[in-house]
>>> print(open('target_12.tsv').read())   # TSV, C-alpha atoms
chain	number	residue	atom	x	y	z
A	94	MET	CA	21.54	-15.27	-11.63
A	95	LYS	CA	23.23	-14.56	-8.31
A	96	ASN	CA	21.05	-12.66	-5.87
A	97	LYS	CA	22.67	-9.36	-4.90
A	98	VAL	CA	20.25	-8.28	-2.18
A	99	ASN	CA	21.73	-6.96	1.06
A	100	TYR	CA	19.02	-8.29	3.35
A	101	SER	CA	20.21	-6.41	6.44
A	102	GLU	CA	20.08	-3.07	4.66
A	103	ASN	CA	16.63	-3.85	3.30
A	104	ARG	CA	14.87	-4.71	6.54
A	105	PHE	CA	11.38	-3.25	6.76
A	106	LEU	CA	11.95	-0.96	9.75
A	107	MET	CA	8.22	-0.81	10.38
A	108	PHE	CA	8.48	-4.33	11.78
A	109	ASP	CA	11.50	-3.35	13.88
A	110	MET	CA	9.35	-0.61	15.43
A	111	ASP	CA	6.53	-3.09	15.98
A	112	ASN	CA	8.99	-5.42	17.76
A	113	ILE	CA	10.02	-2.58	20.07
A	114	ALA	CA	6.34	-1.95	20.76
A	115	ASN	CA	5.90	-5.65	21.58
A	116	GLN	CA	8.78	-5.54	24.07
A	117	LEU	CA	7.44	-2.41	25.75
A	118	GLU	CA	3.98	-3.90	26.04
A	119	GLU	CA	5.41	-7.08	27.53
A	120	SER	CA	7.03	-4.89	30.20
A	121	GLY	CA	3.66	-3.35	31.06
A	122	LYS	CA	3.70	-0.17	28.96
A	123	LYS	CA	0.77	0.99	26.87
A	124	VAL	CA	1.97	1.70	23.34
A	125	ILE	CA	-0.10	3.53	20.74
A	126	ARG	CA	0.75	1.89	17.42
A	127	MET	CA	0.75	4.01	14.30
A	128	THR	CA	2.75	1.42	12.38
A	129	LEU	CA	0.93	-1.26	10.36
A	130	GLY	CA	-1.79	-0.39	7.90
A	131	LYS	CA	-4.01	-2.84	9.73
A	132	SER	CA	-7.40	-1.47	10.72
A	133	GLU	CA	-8.32	-1.54	14.37
A	134	LEU	CA	-11.94	-2.26	13.41
A	135	PRO	CA	-12.93	-5.93	13.65
A	136	LEU	CA	-14.21	-7.82	10.66
A	137	HIS	CA	-17.94	-7.51	10.03
A	138	SER	CA	-19.77	-10.35	11.76
A	139	SER	CA	-21.17	-11.58	8.44
A	140	ILE	CA	-17.66	-11.99	7.02
A	141	ILE	CA	-16.64	-13.95	10.09
A	142	GLY	CA	-19.80	-16.04	9.85
A	143	THR	CA	-19.17	-16.83	6.20
A	144	MET	CA	-15.62	-17.94	6.93
A	145	LYS	CA	-16.72	-20.09	9.87
A	146	ASN	CA	-19.31	-21.83	7.70
A	147	ALA	CA	-16.79	-22.31	4.91
A	148	LEU	CA	-14.22	-23.73	7.32
A	149	GLU	CA	-16.71	-26.27	8.64
A	150	ASP	CA	-17.77	-27.32	5.13
A	151	TYR	CA	-15.05	-29.64	3.85
A	152	GLY	CA	-16.35	-29.34	0.31
A	153	ILE	CA	-15.57	-25.62	0.42
A	154	SER	CA	-12.52	-25.52	2.68
A	155	SER	CA	-10.67	-28.09	0.54
A	156	LEU	CA	-11.21	-26.36	-2.82
A	157	VAL	CA	-8.04	-25.95	-4.88
A	158	TYR	CA	-7.96	-23.37	-7.68
A	159	PRO	CA	-4.44	-22.04	-8.27
A	160	SER	CA	-5.61	-18.75	-9.80
A	161	GLY	CA	-8.64	-18.30	-7.53
A	162	LEU	CA	-12.19	-19.54	-7.11
A	163	PRO	CA	-14.23	-19.01	-10.30
A	164	GLU	CA	-17.21	-17.70	-8.33
A	165	PHE	CA	-14.97	-15.17	-6.59
A	166	LYS	CA	-13.58	-13.93	-9.90
A	167	THR	CA	-17.11	-13.56	-11.24
A	168	LYS	CA	-18.17	-11.58	-8.19
A	169	LEU	CA	-15.15	-9.29	-8.53
A	170	SER	CA	-16.00	-8.77	-12.19
A	171	ASP	CA	-19.55	-7.83	-11.19
A	172	TYR	CA	-18.17	-5.45	-8.57
A	173	TYR	CA	-16.06	-3.63	-11.16
A	174	TYR	CA	-19.06	-3.27	-13.46
A	175	LYS	CA	-21.22	-1.93	-10.64
A	176	SER	CA	-18.59	0.38	-9.15
A	177	TYR	CA	-16.69	1.57	-12.20
A	178	GLY	CA	-18.88	0.75	-15.18
A	179	VAL	CA	-16.24	-1.50	-16.76
A	180	SER	CA	-16.50	-5.09	-17.95
A	181	ILE	CA	-13.65	-7.28	-16.71
A	182	ASP	CA	-13.22	-10.81	-18.02
A	183	PRO	CA	-13.14	-12.97	-14.86
A	184	GLU	CA	-10.41	-15.10	-16.45
A	185	LYS	CA	-8.08	-12.07	-16.36
A	186	ILE	CA	-8.36	-11.84	-12.56
A	187	ILE	CA	-5.67	-13.72	-10.63
A	188	ILE	CA	-6.34	-14.30	-6.92
A	189	SER	CA	-3.48	-14.62	-4.45
A	190	PRO	CA	-2.79	-14.19	-0.72
A	191	GLY	CA	-2.47	-10.40	-0.72
A	192	THR	CA	-0.57	-8.50	-3.40
A	193	SER	CA	3.00	-8.84	-2.13
A	194	ASN	CA	3.68	-12.11	-3.92
A	195	ILE	CA	1.76	-10.80	-6.93
A	196	PHE	CA	4.33	-8.03	-7.31
A	197	ARG	CA	7.16	-10.50	-6.90
A	198	ASN	CA	5.68	-12.74	-9.61
A	199	LEU	CA	4.91	-9.86	-11.99
A	200	PHE	CA	8.44	-8.53	-11.70
A	201	TYR	CA	9.76	-12.04	-12.32
A	202	LEU	CA	7.78	-12.26	-15.55
A	203	LEU	CA	8.32	-8.72	-16.81
A	204	VAL	CA	11.86	-7.84	-15.74
A	205	ASN	CA	15.22	-9.42	-16.47
A	206	GLU	CA	18.57	-8.73	-14.83
A	207	ASP	CA	19.77	-5.19	-15.61
A	208	ASP	CA	16.40	-4.14	-17.01
A	209	GLU	CA	15.11	-0.97	-15.43
A	210	VAL	CA	12.00	-0.32	-13.34
A	211	LEU	CA	10.64	3.15	-12.66
A	212	LEU	CA	9.10	3.62	-9.22
A	213	PRO	CA	7.49	6.56	-7.46
A	214	LEU	CA	9.54	8.37	-4.83
A	215	PRO	CA	8.39	7.93	-2.13
A	216	TYR	CA	7.65	4.27	-2.81
A	217	TYR	CA	6.13	1.37	-0.95
A	218	SER	CA	9.10	-0.86	-0.09
A	219	LEU	CA	7.60	-3.93	-1.80
A	220	TYR	CA	8.20	-2.37	-5.22
A	221	LYS	CA	11.86	-1.75	-4.53
A	222	PHE	CA	12.41	-5.18	-2.98
A	223	SER	CA	10.70	-6.98	-5.87
A	224	ALA	CA	13.07	-5.19	-8.24
A	225	LEU	CA	16.08	-6.05	-6.09
A	226	LEU	CA	15.17	-9.73	-6.19
A	227	ARG	CA	15.36	-9.55	-9.99
A	228	ASN	CA	18.69	-7.66	-9.92
A	229	ALA	CA	16.96	-4.91	-11.86
A	230	ARG	CA	18.16	-1.33	-12.05
A	231	ILE	CA	15.88	0.92	-10.02
A	232	LYS	CA	15.05	4.47	-11.02
A	233	TYR	CA	12.54	6.88	-9.53
A	234	TYR	CA	10.15	9.64	-10.51
A	235	ASN	CA	9.38	12.17	-7.79
A	236	ILE	CA	6.12	12.98	-6.09
A	237	ASP	CA	6.43	16.65	-5.09
A	238	LEU	CA	6.02	16.90	-1.29
A	239	ASN	CA	4.36	20.30	-1.57
A	240	THR	CA	1.93	19.82	-4.45
A	241	LEU	CA	1.68	15.98	-4.22
A	242	GLN	CA	1.79	15.96	-8.02
A	243	ILE	CA	4.05	13.87	-10.24
A	244	ASP	CA	7.25	15.64	-11.24
A	245	LYS	CA	7.07	14.98	-14.97
A	246	SER	CA	10.63	16.14	-15.59
A	247	SER	CA	11.98	13.48	-13.22
A	248	PHE	CA	9.77	10.90	-14.93
A	249	LEU	CA	11.04	11.80	-18.39
A	250	SER	CA	14.68	11.93	-17.31
A	251	ASN	CA	14.52	8.48	-15.70
A	252	PHE	CA	12.36	6.64	-18.23
A	253	THR	CA	14.63	5.00	-20.80
A	254	GLU	CA	14.59	2.33	-23.50
A	255	LYS	CA	15.58	-0.16	-20.79
A	256	THR	CA	12.52	0.57	-18.63
A	257	LYS	CA	10.26	-2.50	-18.52
A	258	VAL	CA	7.91	-1.67	-15.64
A	259	VAL	CA	6.47	1.58	-14.29
A	260	VAL	CA	4.61	1.51	-10.97
A	261	ILE	CA	1.80	3.87	-10.00
A	262	ASN	CA	0.33	3.87	-6.48
A	263	THR	CA	-2.84	5.89	-5.90
A	264	PRO	CA	-3.81	6.80	-3.26
A	265	GLY	CA	-0.14	6.59	-2.44
A	266	ASN	CA	1.66	4.97	0.46
A	267	PRO	CA	2.99	6.83	2.47
A	268	LEU	CA	1.80	10.27	1.24
A	269	GLY	CA	-1.87	9.63	0.51
A	270	ASN	CA	-1.37	11.48	-2.78
A	271	ILE	CA	-3.87	11.07	-5.60
A	272	ILE	CA	-2.68	10.45	-9.16
A	273	ASP	CA	-5.76	11.55	-11.06
A	274	GLU	CA	-6.94	10.45	-14.48
A	275	LYS	CA	-5.22	13.37	-16.23
A	276	GLN	CA	-1.85	12.48	-14.70
A	277	ILE	CA	-2.26	8.78	-15.51
A	278	TYR	CA	-2.96	9.62	-19.16
A	279	GLU	CA	0.16	11.81	-19.11
A	280	ILE	CA	2.16	8.88	-17.75
A	281	ASP	CA	0.70	6.64	-20.44
A	282	ALA	CA	1.74	9.16	-23.11
A	283	MET	CA	5.29	9.33	-21.72
A	284	VAL	CA	5.57	5.54	-21.57
A	285	ASN	CA	3.98	5.24	-25.02
A	286	GLY	CA	3.62	1.48	-24.89
A	287	LYS	CA	7.33	0.85	-24.23
A	288	ALA	CA	6.80	-0.55	-20.70
A	289	VAL	CA	4.07	-2.18	-18.63
A	290	ILE	CA	2.34	0.10	-16.13
A	291	ILE	CA	1.33	-1.54	-12.84
A	292	CYS	CA	-1.27	0.49	-10.98
A	293	ASP	CA	-1.42	-0.45	-7.30
A	294	GLU	CA	-4.95	0.42	-6.15
A	295	ILE	CA	-4.85	-1.13	-2.69
A	296	TYR	CA	-6.25	2.11	-1.19
A	297	ASN	CA	-8.51	3.11	-4.05
A	298	ASN	CA	-11.72	2.85	-2.02
A	299	VAL	CA	-10.36	5.12	0.74
A	300	TYR	CA	-10.63	8.59	-0.79
A	301	PHE	CA	-11.21	11.49	1.59
A	302	GLU	CA	-12.51	14.06	-0.90
A	303	GLU	CA	-13.15	12.16	-4.11
A	304	GLY	CA	-15.19	9.20	-5.27
A	305	LEU	CA	-14.17	5.72	-6.45
A	306	LYS	CA	-11.72	5.60	-9.33
A	307	SER	CA	-9.73	2.87	-11.07
A	308	ALA	CA	-7.24	2.58	-13.91
A	309	THR	CA	-9.60	-0.03	-15.37
A	310	GLN	CA	-11.74	2.93	-16.51
A	311	LEU	CA	-9.04	4.30	-18.82
A	312	LYS	CA	-9.81	4.22	-22.53
A	313	ASN	CA	-7.57	3.99	-25.60
A	314	THR	CA	-4.31	3.81	-23.65
A	315	LYS	CA	-1.03	3.32	-25.49
A	316	SER	CA	0.47	1.10	-22.80
A	317	THR	CA	-0.42	-2.18	-21.13
A	318	PHE	CA	-1.92	-1.64	-17.67
A	319	ILE	CA	-2.06	-4.14	-14.81
A	320	VAL	CA	-4.16	-3.36	-11.73
A	321	THR	CA	-3.45	-4.81	-8.28
A	322	ASN	CA	-5.69	-4.64	-5.24
A	323	SER	CA	-6.38	-6.37	-1.94
A	324	PHE	CA	-8.96	-6.88	0.78
A	325	SER	CA	-6.38	-6.07	3.47
A	326	LYS	CA	-7.19	-2.38	3.88
A	327	ALA	CA	-10.71	-0.98	3.54
A	328	TYR	CA	-12.26	-4.44	3.99
A	329	ARG	CA	-10.08	-4.95	7.10
A	330	MET	CA	-8.88	-8.45	6.13
A	331	TYR	CA	-5.18	-7.68	6.74
A	332	SER	CA	-4.26	-11.04	8.27
A	333	ARG	CA	-6.65	-13.06	6.14
A	334	ARG	CA	-4.47	-12.41	3.06
A	335	VAL	CA	-6.51	-12.22	-0.10
A	336	GLY	CA	-5.61	-9.98	-3.02
A	337	TYR	CA	-5.76	-10.00	-6.79
A	338	CYS	CA	-4.47	-8.54	-10.01
A	339	ILE	CA	-6.16	-7.84	-13.32
A	340	VAL	CA	-3.78	-8.74	-16.14
A	341	PRO	CA	-3.81	-8.83	-19.96
A	342	GLU	CA	-4.61	-12.17	-21.57
A	343	GLU	CA	-0.98	-12.99	-22.33
A	344	LEU	CA	-0.12	-12.98	-18.61
A	345	VAL	CA	-3.02	-15.14	-17.42
A	346	GLU	CA	-1.30	-18.46	-18.10
A	347	PRO	CA	2.18	-17.42	-16.84
A	348	MET	CA	0.77	-16.01	-13.59
A	349	THR	CA	-1.41	-19.09	-13.13
A	350	VAL	CA	1.40	-21.57	-13.79
A	351	ILE	CA	3.70	-19.78	-11.35
A	352	GLN	CA	1.00	-20.25	-8.73
A	353	HIS	CA	0.60	-23.90	-9.77
A	354	HIS	CA	4.08	-24.50	-8.41
A	355	THR	CA	4.64	-21.85	-5.74
A	356	LEU	CA	1.18	-21.44	-4.19
A	357	LEU	CA	-1.22	-24.22	-5.25
A	358	THR	CA	-4.21	-22.31	-3.86
A	359	THR	CA	-5.30	-19.27	-1.94
A	360	ASP	CA	-7.28	-20.37	1.11
A	361	PRO	CA	-10.87	-20.81	-0.13
A	362	VAL	CA	-12.15	-19.89	3.34
A	363	VAL	CA	-10.82	-16.34	3.07
A	364	GLN	CA	-11.96	-16.11	-0.54
A	365	TYR	CA	-15.50	-16.80	0.65
A	366	GLY	CA	-15.03	-14.13	3.31
A	367	ALA	CA	-13.90	-11.65	0.66
A	368	MET	CA	-16.98	-12.41	-1.44
A	369	THR	CA	-19.16	-11.51	1.54
A	370	ALA	CA	-17.09	-8.37	2.20
A	371	LEU	CA	-18.09	-7.04	-1.22
A	372	ASP	CA	-21.69	-6.93	0.02
A	373	TYR	CA	-20.83	-4.39	2.76
A	374	GLU	CA	-19.68	-1.24	1.00
A	375	ASP	CA	-21.18	0.87	3.79
A	376	GLU	CA	-18.46	-0.57	6.04
A	377	VAL	CA	-15.84	0.77	3.64
A	378	LYS	CA	-17.45	4.21	3.64
A	379	HIS	CA	-17.51	4.22	7.45
A	380	LEU	CA	-13.80	3.41	7.64
A	381	SER	CA	-12.95	6.09	5.10
A	382	SER	CA	-14.97	8.68	7.02
A	383	LEU	CA	-13.31	7.71	10.31
A	384	TYR	CA	-9.80	7.98	8.88
A	385	LYS	CA	-10.61	11.33	7.25
A	386	LYS	CA	-11.51	12.69	10.69
A	387	ARG	CA	-8.19	11.44	12.04
A	388	ARG	CA	-6.43	13.06	9.08
A	389	ASP	CA	-8.16	16.33	9.88
A	390	TYR	CA	-7.24	16.10	13.58
A	391	THR	CA	-3.59	15.54	12.67
A	392	ILE	CA	-3.49	18.61	10.43
A	393	LYS	CA	-5.24	20.78	13.01
A	394	ARG	CA	-3.09	19.63	15.94
A	395	LEU	CA	0.35	19.51	14.34
A	396	SER	CA	0.22	22.37	11.84
A	397	GLY	CA	1.24	24.83	14.56
A	398	LEU	CA	4.63	23.20	15.02
A	399	SER	CA	7.51	25.24	13.64
A	400	MET	CA	9.86	22.40	12.68
A	401	VAL	CA	7.49	19.55	11.76
A	402	ARG	CA	5.02	19.70	8.87
A	403	PRO	CA	2.14	17.26	8.38
A	404	ILE	CA	1.69	16.64	4.64
A	405	LEU	CA	-2.01	16.69	3.75
A	406	SER	CA	-3.14	13.18	2.87
A	407	HIS	CA	-6.03	12.82	0.40
A	408	GLY	CA	-6.68	9.10	0.87
A	409	GLY	CA	-5.43	5.79	2.17
A	410	PHE	CA	-4.34	4.79	5.66
A	411	TYR	CA	-1.46	7.18	6.33
A	412	ILE	CA	-0.16	10.68	6.82
A	413	THR	CA	3.47	11.76	6.59
A	414	LEU	CA	5.31	14.19	8.86
A	415	GLU	CA	8.18	16.13	7.30
A	416	CYS	CA	10.75	16.45	10.10
A	417	SER	CA	14.01	17.62	8.49
A	418	LYS	CA	14.34	20.90	10.45
A	419	PHE	CA	13.50	19.15	13.71
A	420	MET	CA	15.95	16.34	13.03
A	421	HIS	CA	18.76	18.73	12.14
A	422	LYS	CA	18.26	20.86	15.26
A	423	ASN	CA	18.13	17.82	17.56
A	424	ASN	CA	20.95	15.86	15.88
A	425	PHE	CA	18.92	12.90	14.61
A	426	THR	CA	20.93	11.29	11.85
A	427	ASP	CA	18.02	9.29	10.42
A	428	SER	CA	14.29	8.74	10.84
A	429	PHE	CA	14.81	5.36	12.52
A	430	ALA	CA	16.71	7.11	15.34
A	431	LEU	CA	13.89	9.65	15.62
A	432	ALA	CA	11.18	6.96	15.68
A	433	LYS	CA	13.04	5.05	18.41
A	434	ASP	CA	13.44	8.18	20.52
A	435	ILE	CA	9.72	8.89	20.25
A	436	ILE	CA	8.62	5.39	21.21
A	437	TYR	CA	10.79	5.34	24.32
A	438	ALA	CA	9.84	8.89	25.30
A	439	LYS	CA	6.09	8.84	24.57
A	440	TYR	CA	5.23	5.19	23.84
A	441	VAL	CA	3.96	6.06	20.39
A	442	ALA	CA	5.14	3.76	17.57
A	443	THR	CA	5.67	5.41	14.18
A	444	VAL	CA	7.34	4.24	10.96
A	445	PRO	CA	10.68	5.68	9.78
A	446	GLY	CA	10.27	7.43	6.45
A	447	SER	CA	13.46	5.78	5.23
A	448	ASP	CA	11.30	2.70	4.59
A	449	PHE	CA	9.81	4.68	1.70
A	450	GLY	CA	12.82	6.65	0.48
A	451	LEU	CA	12.07	9.72	2.64
A	452	PRO	CA	14.78	9.68	5.33
A	453	ASN	CA	13.63	12.89	7.05
A	454	THR	CA	10.02	11.88	7.62
A	455	LEU	CA	7.78	9.69	9.72
A	456	ARG	CA	4.70	7.80	8.53
A	457	LEU	CA	1.67	7.55	10.80
A	458	SER	CA	-1.07	4.97	10.27
A	459	PHE	CA	-4.61	6.10	11.06
A	460	SER	CA	-5.50	2.57	12.19
A	461	SER	CA	-5.54	2.89	15.98
A	462	ASP	CA	-8.54	3.60	18.17
A	463	LEU	CA	-6.15	5.69	20.31
A	464	TYR	CA	-4.96	7.66	17.29
A	465	ASN	CA	-5.93	11.14	18.50
A	466	GLU	CA	-4.31	10.50	21.86
A	467	GLY	CA	-1.17	9.48	19.98
A	468	ILE	CA	-1.22	12.74	18.01
A	469	ASP	CA	-1.47	14.69	21.27
A	470	LEU	CA	1.58	12.84	22.59
A	471	LEU	CA	3.48	13.56	19.39
A	472	TYR	CA	2.62	17.23	19.72
A	473	ASP	CA	3.98	17.22	23.27
A	474	TYR	CA	7.16	15.49	22.09
A	475	PHE	CA	7.88	17.82	19.18
A	476	SER	CA	6.84	21.03	20.89
A	477	GLY	CA	8.93	20.18	23.94
A	478	LEU	CA	12.11	19.73	21.93
A	479	GLU	CA	11.40	22.64	19.58
A	480	SER	CA	11.47	25.07	22.51
A	481	PHE	CA	15.08	24.27	23.48
>>> encode(input="target_12.tsv", output="structure tokens")
Amino acid sequence: MKNKVNYSENRFLMFDMDNIANQLEESGKKVIRMTLGKSELPLHSSIIGTMKNALEDYGISSLVYPSGLPEFKTKLSDYYYKSYGVSIDPEKIIISPGTSNIFRNLFYLLVNEDDEVLLPLPYYSLYKFSALLRNARIKYYNIDLNTLQIDKSSFLSNFTEKTKVVVINTPGNPLGNIIDEKQIYEIDAMVNGKAVIICDEIYNNVYFEEGLKSATQLKNTKSTFIVTNSFSKAYRMYSRRVGYCIVPEELVEPMTVIQHHTLLTTDPVVQYGAMTALDYEDEVKHLSSLYKKRRDYTIKRLSGLSMVRPILSHGGFYITLECSKFMHKNNFTDSFALAKDIIYAKYVATVPGSDFGLPNTLRLSFSSDLYNEGIDLLYDYFSGLESF
């Protein structure tokens, strides 16, 4: 199967913006980064201590388990029982460095060339790129930018007999929208067992108004569900790369064998760190509370703008600014051009919404200790150009 991906067109512009920030910082400028979903908070000292001890213990640091350490899987299973009241067979948990390669592998197993995948719009770019690598046909269901609810008509019109995978992301990236239990059951009814539903829960412990939820709690579903998650976000292990998926029994061996040959093992040192991280849920609550305050500051500060609208985020690491009126008035052809103008004018790095299928928006990450200062600078930028 010949790969048809246009790699230039599918660059992740977030990293282009981060490279511009690097260049400006090297020239002596102070840049406020609202780009990566990488928390500014350091790892808890106990997590660091655990990883140091594991690194110095050759018996631990040399462990090789292609699908993940058994003791880590057991601890994750215990966590799901404690947090969600569900029993997860540890054997159905596949550990990997983050979830990016998990999506790639799942799409490889579930999708053939010219099969269809149904993604949310906006989407996290990984979903789209994983589909492109398989030469799959990509369709979208809309998340309404006003209500933040699923547009069921767009779902029904784009779900066909060729659809093999449906992706749910809640809380969503970039919108921070919540797909609640009622909506997930509605999706399950529309799919009706004809496709696999992958529920990306990478932000599911960063809710601003609601408590912990997981698709693993669903009962009597008609469709097969796969859950993906990671320690990159609320546990602040972004660069330590440890994630996992919970799969049905028939996918355990295929996912494991793929990792036999393409991974061999996830670093046992970071797996030990992740096990310790599960003991510090108060740290997760602190991060969620901090980012909620930054969400609230953004809404309060930017809601008075006439041509830019902050879209209320209900969870996760991000908030989205709808900028179409502003862009039209000031002749910005795309969000990348707008993001570049902002970084050179105010030294604030944002992410073009085109990365997520929203070409007239910007995504802001809460994960900067200078976040509120960055919002003030964005207000100055937008209000200054609105007045002309």
>>> atom_distance(input="target_12.tsv", atom1="CA of Cys416 (chain A)", atom2="CA of Tyr217 (chain A)")
19.3 Å
>>> atom_distance(input="target_12.tsv", atom1="CA of Val259 (chain A)", atom2="CA of Ile290 (chain A)")
4.8 Å
>>> residues_around(input="target_12.tsv", residues="Arg388 (chain A)", least_positions_apart="4", cutoff="10 Å", atoms="all atoms listed in the file", output="ChimeraX atom specification")
/A:301,382-384,392-393,403-408,410-412,457-459,464-465
>>> atom_distance(input="target_12.tsv", atom1="CA of Leu455 (chain A)", atom2="CA of Met420 (chain A)")
11.0 Å
>>> residues_around(input="target_12.tsv", residues="Thr349 (chain A)", least_positions_apart="3", cutoff="9 Å", atoms="all atoms listed in the file", output="list of chain:residue names")
A:Pro159, A:Ser160, A:Ile187, A:Leu344, A:Val345, A:Glu346, A:Gln352, A:His353
>>> write_last_selection(input="target_12.tsv", atoms="C-alpha atoms", output="mmCIF file, keeping the file's coordinate frame")
data_model
loop_
_atom_site.group_PDB
_atom_site.id
_atom_site.type_symbol
_atom_site.label_atom_id
_atom_site.label_comp_id
_atom_site.auth_asym_id
_atom_site.auth_seq_id
_atom_site.Cartn_x
_atom_site.Cartn_y
_atom_site.Cartn_z
ATOM 1 C CA PRO A 159 -4.440 -22.040 -8.270
ATOM 2 C CA SER A 160 -5.610 -18.750 -9.800
ATOM 3 C CA ILE A 187 -5.670 -13.720 -10.630
ATOM 4 C CA LEU A 344 -0.120 -12.980 -18.610
ATOM 5 C CA VAL A 345 -3.020 -15.140 -17.420
ATOM 6 C CA GLU A 346 -1.300 -18.460 -18.100
ATOM 7 C CA GLN A 352 1.000 -20.250 -8.730
ATOM 8 C CA HIS A 353 0.600 -23.900 -9.770
#
>>> closest_residue(input="target_12.tsv", among="A:Leu136, A:Ile277, A:Ile436, A:Ile236", to="Gly265 (chain A)", atoms="all atoms listed in the file")
A:Ile236
>>> residues_around(input="target_12.tsv", residues="Glu206 (chain A)", least_positions_apart="4", cutoff="6 Å", atoms="only C-alpha atoms", output="list in words")
Arg227, Asn228 and Ala229 of chain A
>>> closest_residue(input="target_12.tsv", among="A:Ile243, A:His137, A:Lys175, A:Pro445", to="Asp375 (chain A)", atoms="all atoms listed in the file")
A:His137
>>> closest_residue(input="target_12.tsv", among="A:Val204, A:Leu471, A:Leu371, A:Ile339", to="Ala432 (chain A)", atoms="only C-alpha atoms")
A:Leu471
>>> residues_around(input="target_12.tsv", residues="Val320 (chain A)", least_positions_apart="5", cutoff="6 Å", atoms="all atoms listed in the file", output="ChimeraX atom specification")
/A:291-293,338-339
>>> residues_around(input="target_12.tsv", residues="Leu156 (chain A)", least_positions_apart="2", cutoff="10 Å", atoms="all atoms listed in the file", output="compact mmCIF listing (two decimals) with C-alpha atoms, in the frame of the given file")
# COMPACT_ATOMS: atom_id res chain seq x y z
CA TYR A 151 -15.05 -29.64 3.85
CA GLY A 152 -16.35 -29.34 0.31
CA ILE A 153 -15.57 -25.62 0.42
CA SER A 154 -12.52 -25.52 2.68
CA TYR A 158 -7.96 -23.37 -7.68
CA PRO A 159 -4.44 -22.04 -8.27
CA GLY A 161 -8.64 -18.30 -7.53
CA LEU A 162 -12.19 -19.54 -7.11
CA THR A 358 -4.21 -22.31 -3.86
CA THR A 359 -5.30 -19.27 -1.94
CA ASP A 360 -7.28 -20.37 1.11
CA PRO A 361 -10.87 -20.81 -0.13
CA VAL A 362 -12.15 -19.89 3.34
>>> closest_residue(input="target_12.tsv", among="A:Ser138, A:Ser399, A:Ser428, A:Thr309", to="Met107 (chain A)", atoms="only C-alpha atoms")
A:Ser428
>>> closest_residue(input="target_12.tsv", among="A:Thr263, A:Glu343, A:Glu133, A:Phe475", to="Ser396 (chain A)", atoms="all atoms listed in the file")
A:Phe475
>>> residues_near_point(input="target_12.tsv", point="(10.2, 9.4, 2.7)", cutoff="12 Å", atoms="only C-alpha atoms", output="PDB file with C-alpha atoms, keeping the file's coordinate frame")
ATOM      1  CA  PRO A 213       7.490   6.560  -7.460  1.00  0.00           C
ATOM      2  CA  LEU A 214       9.540   8.370  -4.830  1.00  0.00           C
ATOM      3  CA  PRO A 215       8.390   7.930  -2.130  1.00  0.00           C
ATOM      4  CA  TYR A 216       7.650   4.270  -2.810  1.00  0.00           C
ATOM      5  CA  TYR A 217       6.130   1.370  -0.950  1.00  0.00           C
ATOM      6  CA  SER A 218       9.100  -0.860  -0.090  1.00  0.00           C
ATOM      7  CA  ASN A 235       9.380  12.170  -7.790  1.00  0.00           C
ATOM      8  CA  ILE A 236       6.120  12.980  -6.090  1.00  0.00           C
ATOM      9  CA  ASP A 237       6.430  16.650  -5.090  1.00  0.00           C
ATOM     10  CA  LEU A 238       6.020  16.900  -1.290  1.00  0.00           C
ATOM     11  CA  GLY A 265      -0.140   6.590  -2.440  1.00  0.00           C
ATOM     12  CA  ASN A 266       1.660   4.970   0.460  1.00  0.00           C
ATOM     13  CA  PRO A 267       2.990   6.830   2.470  1.00  0.00           C
ATOM     14  CA  LEU A 268       1.800  10.270   1.240  1.00  0.00           C
ATOM     15  CA  ILE A 404       1.690  16.640   4.640  1.00  0.00           C
ATOM     16  CA  ILE A 412      -0.160  10.680   6.820  1.00  0.00           C
ATOM     17  CA  THR A 413       3.470  11.760   6.590  1.00  0.00           C
ATOM     18  CA  LEU A 414       5.310  14.190   8.860  1.00  0.00           C
ATOM     19  CA  GLU A 415       8.180  16.130   7.300  1.00  0.00           C
ATOM     20  CA  CYS A 416      10.750  16.450  10.100  1.00  0.00           C
ATOM     21  CA  SER A 417      14.010  17.620   8.490  1.00  0.00           C
ATOM     22  CA  ASP A 427      18.020   9.290  10.420  1.00  0.00           C
ATOM     23  CA  SER A 428      14.290   8.740  10.840  1.00  0.00           C
ATOM     24  CA  PHE A 429      14.810   5.360  12.520  1.00  0.00           C
ATOM     25  CA  VAL A 444       7.340   4.240  10.960  1.00  0.00           C
ATOM     26  CA  PRO A 445      10.680   5.680   9.780  1.00  0.00           C
ATOM     27  CA  GLY A 446      10.270   7.430   6.450  1.00  0.00           C
ATOM     28  CA  SER A 447      13.460   5.780   5.230  1.00  0.00           C
ATOM     29  CA  ASP A 448      11.300   2.700   4.590  1.00  0.00           C
ATOM     30  CA  PHE A 449       9.810   4.680   1.700  1.00  0.00           C
ATOM     31  CA  GLY A 450      12.820   6.650   0.480  1.00  0.00           C
ATOM     32  CA  LEU A 451      12.070   9.720   2.640  1.00  0.00           C
ATOM     33  CA  PRO A 452      14.780   9.680   5.330  1.00  0.00           C
ATOM     34  CA  ASN A 453      13.630  12.890   7.050  1.00  0.00           C
ATOM     35  CA  THR A 454      10.020  11.880   7.620  1.00  0.00           C
ATOM     36  CA  LEU A 455       7.780   9.690   9.720  1.00  0.00           C
ATOM     37  CA  ARG A 456       4.700   7.800   8.530  1.00  0.00           C
ATOM     38  CA  LEU A 457       1.670   7.550  10.800  1.00  0.00           C
TER      39      LEU A 457
END
>>> closest_residue(input="target_12.tsv", among="A:Ser101, A:Asp372, A:Leu470, A:Lys385", to="Val441 (chain A)", atoms="only C-alpha atoms")
A:Leu470
>>> decode(input="target_12.tsv", residues="region 203-207 of chain A", atoms="C-alpha atoms", output="short mmCIF file (atom, residue, chain, number, x, y, z; two decimals), in the first residue's frame")
data_model
loop_
_atom_site.label_atom_id
_atom_site.label_comp_id
_atom_site.auth_asym_id
_atom_site.auth_seq_id
_atom_site.Cartn_x
_atom_site.Cartn_y
_atom_site.Cartn_z
CA LEU A 203 -8.82 -1.84 12.79
CA VAL A 204 -8.70 0.06 9.49
CA ASN A 205 -7.82 -0.98 5.96
CA GLU A 206 -7.20 1.20 2.93
CA ASP A 207 -10.39 3.00 1.87
#
